$ cat protein.tsv   # TSV, C-alpha atoms
chain	number	residue	atom	x	y	z
W	13	MET	CA	11.21	15.56	3.24
W	14	SER	CA	11.85	14.92	-0.42
W	15	SER	CA	9.02	14.05	-2.81
W	16	TYR	CA	11.39	12.49	-5.34
W	17	ARG	CA	10.61	8.95	-6.50
W	18	PRO	CA	13.23	7.06	-8.54
W	19	GLY	CA	12.28	6.36	-12.10
W	20	PHE	CA	9.16	8.48	-12.33
W	21	GLY	CA	11.14	11.23	-14.00
W	22	ARG	CA	11.25	9.01	-17.09
W	23	PHE	CA	7.98	7.10	-16.68
W	24	SER	CA	4.92	8.96	-17.94
W	25	PHE	CA	1.32	7.98	-17.26
W	26	PHE	CA	0.37	9.78	-20.49
W	27	PRO	CA	3.32	9.28	-22.86
W	28	SER	CA	3.32	11.50	-25.92
W	29	VAL	CA	2.15	9.06	-28.60
W	30	ILE	CA	-0.72	7.66	-26.53
W	31	LYS	CA	-1.74	11.17	-25.51
W	32	ASN	CA	-1.82	12.24	-29.17
W	33	LEU	CA	-3.73	9.10	-30.17
W	34	LEU	CA	-6.34	9.82	-27.51
W	35	ILE	CA	-6.69	13.41	-28.74
W	36	ILE	CA	-6.90	12.46	-32.44
W	37	ASN	CA	-9.48	9.74	-31.82
W	38	GLY	CA	-11.50	12.11	-29.66
W	39	VAL	CA	-11.47	14.88	-32.28
W	40	VAL	CA	-12.43	12.50	-35.10
W	41	PHE	CA	-15.30	11.09	-33.02
W	42	PHE	CA	-16.49	14.63	-32.32
W	43	LEU	CA	-16.49	15.34	-36.08
W	44	GLN	CA	-18.50	12.16	-36.62
W	45	LEU	CA	-21.08	13.35	-34.09
W	46	ILE	CA	-21.34	16.74	-35.79
W	47	GLY	CA	-21.56	15.02	-39.17
W	48	ASN	CA	-24.61	13.07	-38.02
W	49	ASN	CA	-26.54	16.36	-37.97
W	50	ILE	CA	-25.35	17.93	-41.22
W	51	LYS	CA	-27.11	16.85	-44.42
W	52	LEU	CA	-25.67	17.55	-47.86
W	53	ALA	CA	-27.57	18.41	-51.04
W	54	SER	CA	-27.30	14.76	-52.14
W	55	GLY	CA	-29.27	13.73	-49.10
W	56	LEU	CA	-26.28	12.05	-47.46
W	57	LEU	CA	-25.00	13.11	-44.08
W	58	VAL	CA	-21.44	14.36	-43.59
W	59	SER	CA	-20.88	11.31	-41.38
W	60	ASP	CA	-21.80	9.12	-44.38
W	61	ILE	CA	-19.07	10.80	-46.43
W	62	ILE	CA	-16.58	10.21	-43.62
W	63	ILE	CA	-17.45	6.51	-43.57
W	64	LYS	CA	-17.40	6.30	-47.37
W	65	TYR	CA	-13.83	7.53	-47.73
W	66	PHE	CA	-12.17	6.72	-44.42
W	67	ALA	CA	-13.79	3.53	-43.05
W	68	LEU	CA	-12.42	0.17	-44.20
W	69	ILE	CA	-14.59	-0.72	-47.20
W	70	PRO	CA	-14.62	-4.36	-48.47
W	71	LEU	CA	-12.44	-5.03	-51.52
W	72	GLU	CA	-15.48	-5.80	-53.65
W	73	GLY	CA	-17.09	-2.51	-52.64
W	74	PHE	CA	-20.21	-1.78	-50.63
W	75	THR	CA	-23.62	-0.62	-51.83
W	76	ALA	CA	-25.15	1.92	-49.49
W	77	GLY	CA	-28.03	4.33	-49.61
W	78	ARG	CA	-30.85	5.91	-47.65
W	79	MET	CA	-34.55	5.42	-48.22
W	80	GLY	CA	-35.68	7.84	-50.91
W	81	PHE	CA	-32.17	8.45	-52.22
W	82	GLU	CA	-30.20	6.81	-54.98
W	83	GLN	CA	-27.88	4.02	-53.85
W	84	ILE	CA	-24.16	4.79	-54.01
W	85	ILE	CA	-21.27	2.37	-54.41
W	86	TRP	CA	-18.54	2.82	-51.80
W	87	ASN	CA	-15.09	1.64	-52.85
W	88	PHE	CA	-11.97	0.49	-51.04
W	89	TYR	CA	-9.01	2.90	-50.96
W	90	PRO	CA	-5.54	1.91	-49.61
W	91	TRP	CA	-5.40	4.73	-47.06
W	92	GLN	CA	-8.44	3.27	-45.34
W	93	LEU	CA	-6.14	0.66	-43.72
W	94	ILE	CA	-4.87	3.54	-41.57
W	95	THR	CA	-7.87	5.84	-41.29
W	96	TYR	CA	-10.41	3.20	-40.20
W	97	GLN	CA	-8.47	2.87	-36.95
W	98	PHE	CA	-9.51	6.39	-35.91
W	99	LEU	CA	-13.27	6.05	-36.51
W	100	HIS	CA	-15.73	4.68	-33.95
W	101	GLY	CA	-19.38	3.71	-33.92
W	102	GLY	CA	-20.47	5.13	-30.60
W	103	PHE	CA	-19.41	6.54	-27.25
W	104	THR	CA	-19.07	3.12	-25.59
W	105	HIS	CA	-16.98	1.89	-28.52
W	106	ILE	CA	-14.43	4.70	-28.36
W	107	LEU	CA	-14.40	4.83	-24.54
W	108	PHE	CA	-13.52	1.14	-24.22
W	109	ASN	CA	-10.88	1.23	-26.97
W	110	MET	CA	-9.18	4.35	-25.63
W	111	PHE	CA	-9.20	3.06	-22.06
W	112	VAL	CA	-7.54	-0.21	-23.14
W	113	LEU	CA	-5.07	1.73	-25.30
W	114	TRP	CA	-4.02	3.79	-22.30
W	115	MET	CA	-4.11	0.95	-19.78
W	116	PHE	CA	-2.01	-1.56	-21.73
W	117	GLY	CA	-0.11	0.76	-24.07
W	118	MET	CA	1.23	3.18	-21.46
W	119	GLU	CA	3.90	0.84	-20.12
W	120	ILE	CA	4.85	-0.45	-23.56
W	121	GLU	CA	5.44	3.06	-24.91
W	122	ASN	CA	7.50	3.94	-21.83
W	123	MET	CA	9.60	0.84	-22.50
W	124	TRP	CA	9.98	1.22	-26.27
W	125	GLY	CA	9.75	4.94	-26.86
W	126	GLY	CA	7.25	6.80	-29.02
W	127	LYS	CA	8.69	6.05	-32.47
W	128	LYS	CA	8.73	2.29	-32.05
W	129	PHE	CA	5.37	2.29	-30.30
W	130	ILE	CA	3.47	4.17	-33.04
W	131	TYR	CA	5.07	2.00	-35.71
W	132	PHE	CA	3.95	-1.13	-33.86
W	133	TYR	CA	0.46	0.24	-33.18
W	134	LEU	CA	-0.26	1.23	-36.78
W	135	LEU	CA	1.34	-1.93	-38.16
W	136	CYS	CA	-0.96	-4.11	-36.03
W	137	GLY	CA	-3.95	-2.06	-37.20
W	138	VAL	CA	-3.00	-2.41	-40.87
W	139	PHE	CA	-2.40	-6.15	-40.55
W	140	ALA	CA	-5.71	-6.51	-38.73
W	141	GLY	CA	-7.47	-4.68	-41.56
W	142	LEU	CA	-5.86	-6.87	-44.22
W	143	CYS	CA	-6.86	-10.04	-42.37
W	144	HIS	CA	-10.43	-8.79	-42.17
W	145	LEU	CA	-10.56	-7.83	-45.85
W	146	ILE	CA	-9.00	-11.02	-47.20
W	147	ILE	CA	-10.33	-13.69	-44.85
W	148	SER	CA	-13.88	-12.44	-44.23
W	149	PRO	CA	-15.16	-13.56	-47.66
W	150	VAL	CA	-13.79	-17.06	-46.97
W	151	PHE	CA	-16.06	-17.35	-43.92
W	152	GLY	CA	-18.94	-15.72	-45.74
W	153	LEU	CA	-19.02	-12.85	-43.27
W	154	THR	CA	-20.91	-9.68	-44.10
W	155	GLY	CA	-19.06	-7.16	-46.23
W	156	ALA	CA	-19.88	-3.97	-44.36
W	157	PRO	CA	-17.57	-1.02	-43.66
W	158	THR	CA	-15.30	-1.58	-40.67
W	159	ILE	CA	-14.29	1.06	-38.14
W	160	GLY	CA	-12.47	1.12	-34.81
W	161	ALA	CA	-9.05	0.78	-33.22
W	162	SER	CA	-9.72	-2.72	-31.91
W	163	GLY	CA	-7.33	-4.44	-34.33
W	164	ALA	CA	-4.40	-2.30	-33.19
W	165	ILE	CA	-5.58	-2.64	-29.57
W	166	TYR	CA	-5.44	-6.44	-29.79
W	167	GLY	CA	-1.88	-6.14	-31.04
W	168	LEU	CA	-1.07	-4.19	-27.88
W	169	LEU	CA	-2.83	-6.82	-25.76
W	170	ALA	CA	-0.76	-9.60	-27.32
W	171	ALA	CA	2.44	-7.63	-26.74
W	172	PHE	CA	1.51	-6.91	-23.12
W	173	ALA	CA	0.77	-10.59	-22.48
W	174	LEU	CA	4.20	-11.55	-23.81
W	175	LEU	CA	6.13	-8.76	-22.10
W	176	PHE	CA	4.32	-8.87	-18.75
W	177	PRO	CA	2.67	-12.32	-18.59
W	178	ASN	CA	2.36	-12.47	-14.82
W	179	ARG	CA	1.22	-8.89	-14.26
W	180	MET	CA	-2.03	-8.81	-12.28
W	181	ILE	CA	-5.00	-7.15	-13.95
W	182	PHE	CA	-7.92	-6.32	-11.64
W	183	LEU	CA	-11.25	-7.01	-13.35
W	184	TRP	CA	-13.82	-4.45	-12.25
W	185	PHE	CA	-11.01	-3.22	-9.93
W	186	LEU	CA	-11.65	-6.25	-7.69
W	187	ILE	CA	-10.74	-9.62	-9.22
W	188	PRO	CA	-7.00	-10.22	-9.83
W	189	VAL	CA	-6.16	-12.12	-13.03
W	190	LYS	CA	-2.76	-12.57	-14.64
W	191	ALA	CA	-2.41	-10.68	-17.91
W	192	LYS	CA	-1.57	-13.81	-19.91
W	193	TYR	CA	-4.76	-15.56	-18.78
W	194	LEU	CA	-7.07	-12.59	-19.34
W	195	ILE	CA	-5.71	-11.72	-22.78
W	196	THR	CA	-5.61	-15.36	-23.90
W	197	PHE	CA	-9.27	-15.67	-22.85
W	198	LEU	CA	-10.22	-12.60	-24.91
W	199	ILE	CA	-8.48	-14.00	-27.98
W	200	LEU	CA	-10.08	-17.43	-27.57
W	201	LEU	CA	-13.45	-15.76	-27.18
W	202	ASP	CA	-13.05	-14.18	-30.62
W	203	ILE	CA	-11.98	-17.51	-32.14
W	204	PHE	CA	-15.01	-19.36	-30.79
W	205	ALA	CA	-17.35	-16.53	-31.85
W	206	LEU	CA	-16.10	-16.21	-35.44
W	207	ASN	CA	-19.28	-17.56	-36.99
W	208	ASP	CA	-21.65	-15.78	-34.63
W	209	PRO	CA	-23.81	-13.08	-36.23
W	210	GLY	CA	-23.05	-9.56	-35.12
W	211	ASN	CA	-21.24	-6.39	-36.06
W	212	VAL	CA	-17.92	-7.20	-34.35
W	213	ALA	CA	-14.94	-7.59	-36.72
W	214	ARG	CA	-13.45	-10.56	-34.90
W	215	LEU	CA	-11.02	-11.35	-37.71
W	216	ALA	CA	-9.56	-7.88	-37.27
W	217	HIS	CA	-9.10	-8.60	-33.55
W	218	LEU	CA	-7.35	-11.88	-34.29
W	219	GLY	CA	-5.26	-10.33	-37.05
W	220	GLY	CA	-4.07	-7.58	-34.73
W	221	ALA	CA	-3.18	-10.10	-32.02
W	222	LEU	CA	-1.30	-12.24	-34.55
W	223	ALA	CA	0.62	-9.19	-35.79
W	224	GLY	CA	1.62	-8.32	-32.22
W	225	PHE	CA	2.79	-11.87	-31.56
W	226	ILE	CA	4.85	-12.10	-34.76
W	227	TYR	CA	6.42	-8.68	-34.15
W	228	LEU	CA	7.53	-9.60	-30.63
W	229	MET	CA	8.93	-12.94	-31.81
W	230	MET	CA	11.00	-11.19	-34.50
W	231	ASP	CA	12.09	-8.22	-32.41
W	232	ARG	CA	15.54	-9.10	-31.08
W	233	SER	CA	15.81	-5.90	-29.08
W	234	THR	CA	12.89	-6.93	-26.86
W	235	PRO	CA	13.62	-10.24	-25.10
W	236	VAL	CA	10.50	-12.39	-24.78
W	237	SER	CA	10.34	-15.91	-23.35
W	238	LEU	CA	7.51	-18.20	-24.43
W	239	ARG	CA	8.64	-20.62	-21.73
W	240	GLU	CA	7.97	-17.97	-19.11
W	241	PHE	CA	4.60	-17.17	-20.71
W	242	LEU	CA	3.65	-20.85	-20.55
W	243	GLY	CA	4.97	-21.16	-17.00
W	244	LEU	CA	7.70	-23.64	-18.00
W	245	ASP	CA	10.63	-21.54	-16.77
W	246	PRO	CA	9.71	-20.13	-13.35
W	247	THR	CA	13.32	-19.38	-12.42
W	248	ARG	CA	13.86	-16.96	-15.30
W	249	ARG	CA	13.55	-13.26	-14.59
W	250	SER	CA	12.64	-11.20	-17.64
W	251	THR	CA	11.39	-7.73	-18.44
W	252	SER	CA	7.93	-8.88	-17.44
W	253	SER	CA	8.67	-7.81	-13.89
W	254	ASN	CA	7.83	-4.23	-13.00
W	255	PRO	CA	10.96	-2.08	-13.49
W	256	PHE	CA	9.89	0.04	-10.51
W	257	LYS	CA	9.17	-2.93	-8.24
W	258	GLY	CA	11.11	-2.84	-5.01
W	259	PHE	CA	11.13	0.94	-4.58
W	260	GLY	CA	8.28	0.56	-2.10
W	261	SER	CA	8.23	-1.58	1.00
W	262	ARG	CA	7.55	-5.03	-0.49
W	263	THR	CA	10.81	-6.07	-2.12
W	264	LYS	CA	11.13	-9.85	-2.34
W	265	ARG	CA	13.88	-11.45	-0.30
W	266	GLU	CA	15.40	-13.29	-3.27
W	267	ASP	CA	15.68	-10.01	-5.17
W	268	ILE	CA	17.80	-8.40	-2.46
W	269	GLN	CA	19.83	-11.29	-1.13
W	270	GLU	CA	23.00	-9.73	-2.53
W	271	ALA	CA	22.18	-6.25	-1.31
W	272	LYS	CA	23.11	-5.74	2.30
W	273	TYR	CA	23.08	-2.64	4.46
W	274	TYR	CA	25.98	-0.40	3.73
W	275	ASP	CA	26.90	3.22	3.15
W	276	LEU	CA	26.75	4.26	-0.47
W	277	LYS	CA	29.99	5.81	-1.62
W	278	ASP	CA	31.16	6.76	-5.05
W	279	ASP	CA	34.60	6.06	-6.49
W	280	LYS	CA	36.07	8.96	-4.54
W	281	GLY	CA	34.77	7.66	-1.25
W	282	GLU	CA	32.09	10.35	-1.06
W	283	GLU	CA	28.49	9.55	-0.30
W	284	GLY	CA	25.79	10.01	-2.93
W	285	VAL	CA	24.70	8.73	-6.33
W	286	SER	CA	24.25	11.00	-9.32
W	287	GLN	CA	20.90	11.33	-11.09
W	288	GLU	CA	22.58	10.30	-14.32
W	289	GLU	CA	23.77	7.00	-12.84
W	290	LEU	CA	20.36	6.29	-11.33
W	291	ASP	CA	18.63	6.92	-14.68
W	292	ARG	CA	21.09	4.58	-16.36
W	293	ILE	CA	20.27	1.81	-13.87
W	294	LEU	CA	16.52	2.28	-14.36
W	295	ASP	CA	16.92	2.11	-18.12
W	296	LYS	CA	18.93	-1.09	-17.73
W	297	ILE	CA	16.15	-2.65	-15.62
W	298	SER	CA	13.48	-1.84	-18.22
W	299	GLN	CA	15.61	-3.32	-21.00
W	300	THR	CA	17.18	-6.44	-19.48
W	301	GLY	CA	15.58	-7.04	-16.07
W	302	TYR	CA	16.66	-6.64	-12.46
W	303	GLN	CA	18.78	-9.80	-12.33
W	304	ASN	CA	21.18	-8.44	-14.95
W	305	LEU	CA	22.26	-5.57	-12.70
W	306	THR	CA	25.71	-5.64	-11.16
W	307	GLU	CA	26.12	-6.08	-7.42
W	308	ARG	CA	26.81	-2.36	-6.95
W	309	GLU	CA	23.75	-1.37	-9.00
W	310	LYS	CA	21.54	-3.61	-6.86
W	311	LYS	CA	23.02	-2.07	-3.72
W	312	ILE	CA	22.29	1.42	-5.02
W	313	LEU	CA	18.62	0.61	-5.63
W	314	PHE	CA	18.27	-1.13	-2.29
W	315	GLU	CA	19.76	1.81	-0.42
W	316	ILE	CA	17.45	4.24	-2.23
W	317	SER	CA	14.46	2.06	-1.38
W	318	LYS	CA	15.55	1.97	2.24
W	319	LYS	CA	15.86	5.75	2.41
W	320	MET	CA	12.45	6.22	0.79
W	321	ASN	CA	10.80	4.00	3.37
W	322	LYS	CA	12.25	6.16	6.13
W	323	GLU	CA	10.82	9.38	4.69

$ encode --input "protein.tsv" --output "structure tokens"
Amino acid sequence: MSSYRPGFGRFSFFPSVIKNLLIINGVVFFLQLIGNNIKLASGLLVSDIIIKYFALIPLEGFTAGRMGFEQIIWNFYPWQLITYQFLHGGFTHILFNMFVLWMFGMEIENMWGGKKFIYFYLLCGVFAGLCHLIISPVFGLTGAPTIGASGAIYGLLAAFALLFPNRMIFLWFLIPVKAKYLITFLILLDIFALNDPGNVARLAHLGGALAGFIYLMMDRSTPVSLREFLGLDPTRRSTSSNPFKGFGSRTKREDIQEAKYYDLKDDKGEEGVSQEELDRILDKISQTGYQNLTEREKKILFEISKKMNKE
């Protein structure tokens, strides 16, 4: 009995960029923890120095100090738009951000590839940081250093909602909610809470989500339908459907109406389908959707699904 499952040779649950992001964030957080226990001759902790140079400092600067020590002015540096994304304020903070990064970013990186994914991720984080720096003074929000990957994470959430709007997300592993509803609710929550006191950089969240939305709207290589997101075009099949759907036992009837029982044969009349051809079909599904397959390609997938169910 074969253990082979179509598509999983190319689909990774820990794709390279996300895996490296998890490692880097974890290492940096560990250094922050160590830095909390190492005091310099100036009286500042090593963790203070990390925040001073690598957190996102307001454009007008930030006055910081510890009781009994001289106050020090912390200044904004351009590289902080990148580095602030890798700092976190506590275990719960980094755990939640990294879990969401893996949960929603995994499928996007598998679809786009590592190079495009890291470009998108960092771009959303930078845009989120700029929104926070520029717009916060307008709302009179506190000018404290900002840390965390949440801005980039919200960009991923926006992208996931557009790419997979009807994907079910199970809250607390129990309550099914469509991705577009859950993510829209999170964004609206930040909008309504903009003026609430607290240490959450909500403008960074909204800036990251806006960056993700604009990127997807301008990216011609990734087809996105706002009509499908809004539920105005229920007949359209897009890349929001799971590219591996149908390989189990619950393939929808309308998806297989053209695929009838038959014996797979190649052009020479011999049974069998090459791995190369199967990989090509799976790539085509992830890029353009199931409905854009040819009749033969649909038959190939249906036959494979049928054989798997017999194993």

$ closest_residue --input "protein.tsv" --among "W:Leu153, W:Leu107, W:Ile69, W:Leu135" --to "W:Asn207" --atoms "all atoms listed in the file"
W:Leu153

$ atom_distance --input "protein.tsv" --atom1 "atom CA of W:Ile293" --atom2 "atom CA of W:Lys311"
11.2 Å

$ residues_around --input "protein.tsv" --residues "stretch 187-202 of chain W" --least-positions-apart "2" --cutoff "6 Å" --atoms "only C-alpha atoms" --output "count of residues only"
11

$ residues_around --input "protein.tsv" --residues "W:Leu218" --least-positions-apart "6" --cutoff "10 Å" --atoms "all atoms listed in the file" --output "list in words"
Phe139, Ala140, Cys143, His144, Ser162, Gly163, Tyr166, Gly167, Ala170, Leu198, Ile199, Leu200, Asp202, Ile203, Leu206 and Gly224 of chain W

$ atom_distance --input "protein.tsv" --atom1 "atom CA of W:Ser233" --atom2 "atom CA of W:Lys310"
23.1 Å

$ atom_distance --input "protein.tsv" --atom1 "atom CA of W:Ser28" --atom2 "atom CA of W:Lys128"
12.3 Å

$ residues_around --input "protein.tsv" --residues "stretch 40-43 of chain W" --least-positions-apart "3" --cutoff "9 Å" --atoms "only C-alpha atoms" --output "ChimeraX atom specification"
/W:35-37,46-48,59,98-103,106

$ closest_residue --input "protein.tsv" --among "W:Leu168, W:Ile146, W:Ala67, W:Leu313" --to "W:Gly117" --atoms "all atoms listed in the file"
W:Leu168

$ closest_residue --input "protein.tsv" --among "W:Leu52, W:Ala171, W:Asn87, W:Asp291" --to "W:Trp124" --atoms "all atoms listed in the file"
W:Ala171

$ closest_residue --input "protein.tsv" --among "W:Leu215, W:Ala221, W:Asn32, W:Gly55" --to "W:Pro149" --atoms "only C-alpha atoms"
W:Leu215
